[in-house]
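Written below as structure tokens is the structure these notes are about.
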Amino acid sequence: MKRTLVLGALTIAAATLTGCATQVKSLPLAAAGGESRGGVPVYFGEQSHPAVKRGLGDVSYSVRIARKVAGPDDACREALAEAIGKLRAAARERNANAVIDVTTRFHSSESNSSSEFTCGVSPSAAAIAISGRLAVLEAN
């Protein structure tokens with residue numbers, strides 16, 4: 001009897017957690033929109049940019065947002081937008097005029113692509129880690 005109860009409880013727990021896994025997604029940056037809007041340009045991966053006059057150091061942030069009712073892709077885009085906002089704020093704070101060599105990751109899945117970003121999404125949240133180099137670039 002005790003064995004049956006334990007087995008039943010484990011079965012219920014496994015069934016409950018079945019839909020809770022975090023999914024790692026790679027999404028196009030163009031769909032995220034605005035990576036170069038907002039005053040401080042953000043250059044992903046090896047995206048071309050004007051010559052670097054002076055480097056001001058590396059920055060890195062992690063963002064986790066509640067999914068609300070958004071679909072997984074929209075939640076990832078929202079997390080990316082918040083992460084980019086943090087990069088731009090750091091650039092303004094340290095008098096940089098750009099953030100270059102930006103990479104995104106979720107746990108061990110990393111992207112240094114100039115066309116895609118990596119995000120983790122679960123039924124309750126979306127998360128992304130972003131890093132880049134603050135720089136003063138030559139004027140065009």
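Each chain in the structure tokens gets a letter, A, B, ..., in the order shown, and its residues are numbered from 1; ligands are numbered from 1 in order too.
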
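By only C-alpha atoms, and with residues fewer than 3 positions from Leu87 of chain A along its chain excluded, the set lying at most 8 Å from it is Val59, Ser60, Tyr61, Ala83, Ile84, Ala90, Ala91, Val99, Ser131 and Gly132 of chain A.
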
- Non-local contacts of Gly39 of chain A (10 Å; only C-alpha atoms; under 5 positions in same chain excluded) as a ChimeraX atom specification: /A:88,92,97-98

Pick out the residues sitting within 10 Å of Arg94 of chain A, and hand them over as a short mmCIF file (atom, residue, chain, number, x, y, z; two decimals) with C-alpha atoms, in the first residue's frame; count only C-alpha atoms, and ignore anything fewer than 4 positions along from it in its own chain.
data_model
loop_
_atom_site.label_atom_id
_atom_site.label_comp_id
_atom_site.auth_asym_id
_atom_site.auth_seq_id
_atom_site.Cartn_x
_atom_site.Cartn_y
_atom_site.Cartn_z
CA LEU A 56 36.11 51.38 -22.01
CA GLY A 57 35.78 47.82 -20.74
CA ARG A 88 22.95 51.39 -23.44
CA ALA A 89 22.58 52.75 -19.91
CA ALA A 90 26.06 51.47 -19.03
CA LEU A 134 31.87 49.62 -24.31
CA ALA A 135 33.70 51.76 -26.85
CA VAL A 136 34.20 55.23 -28.20
#

- What does the distance between atom CA of Ser48 of chain A and atom CA of Ile100 of chain A come to in Å, to one decimal place? 9.1 Å

- Just how far from atom CA of Asn112 of chain A is atom CA of Ala70 of chain A, in Å to one decimal? 25.8 Å

- Task: Determine which residues of segment 40-102 of chain A DSSP labels as strand (DSSP E or B) from the backbone of this structure, then write them out as number ranges by chain.
- Result: A: 42-44, 52-66, 98-102

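Nearest-residue note for Ser108 of chain A: choosing from A:Pro28, A:Gly120, A:Pro41, A:Pro72, the minimum distance belongs to A:Gly120, counting only C-alpha atoms.
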
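Remark: for Gly71 of chain A, the closest of the candidate residues A:Ser111, A:Ile130, A:Val24, A:Val121 is A:Val121 (distances computed over only C-alpha atoms).
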
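What separates atom CA of Pro123 of chain A from atom CA of Ala75 of chain A is a distance of 10.2 Å.
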
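Each of A:Asn95, A:Ala127, A:Val102, A:His107 was compared to Arg54 of chain A using only C-alpha atoms, and A:Asn95 turns out to be the nearest.
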
- Counting only C-alpha atoms, figure out which residue out of A:Thr22, A:Ser114, A:Ser124, A:Ser109 gets nearest to Arg67 of chain A. A:Ser124
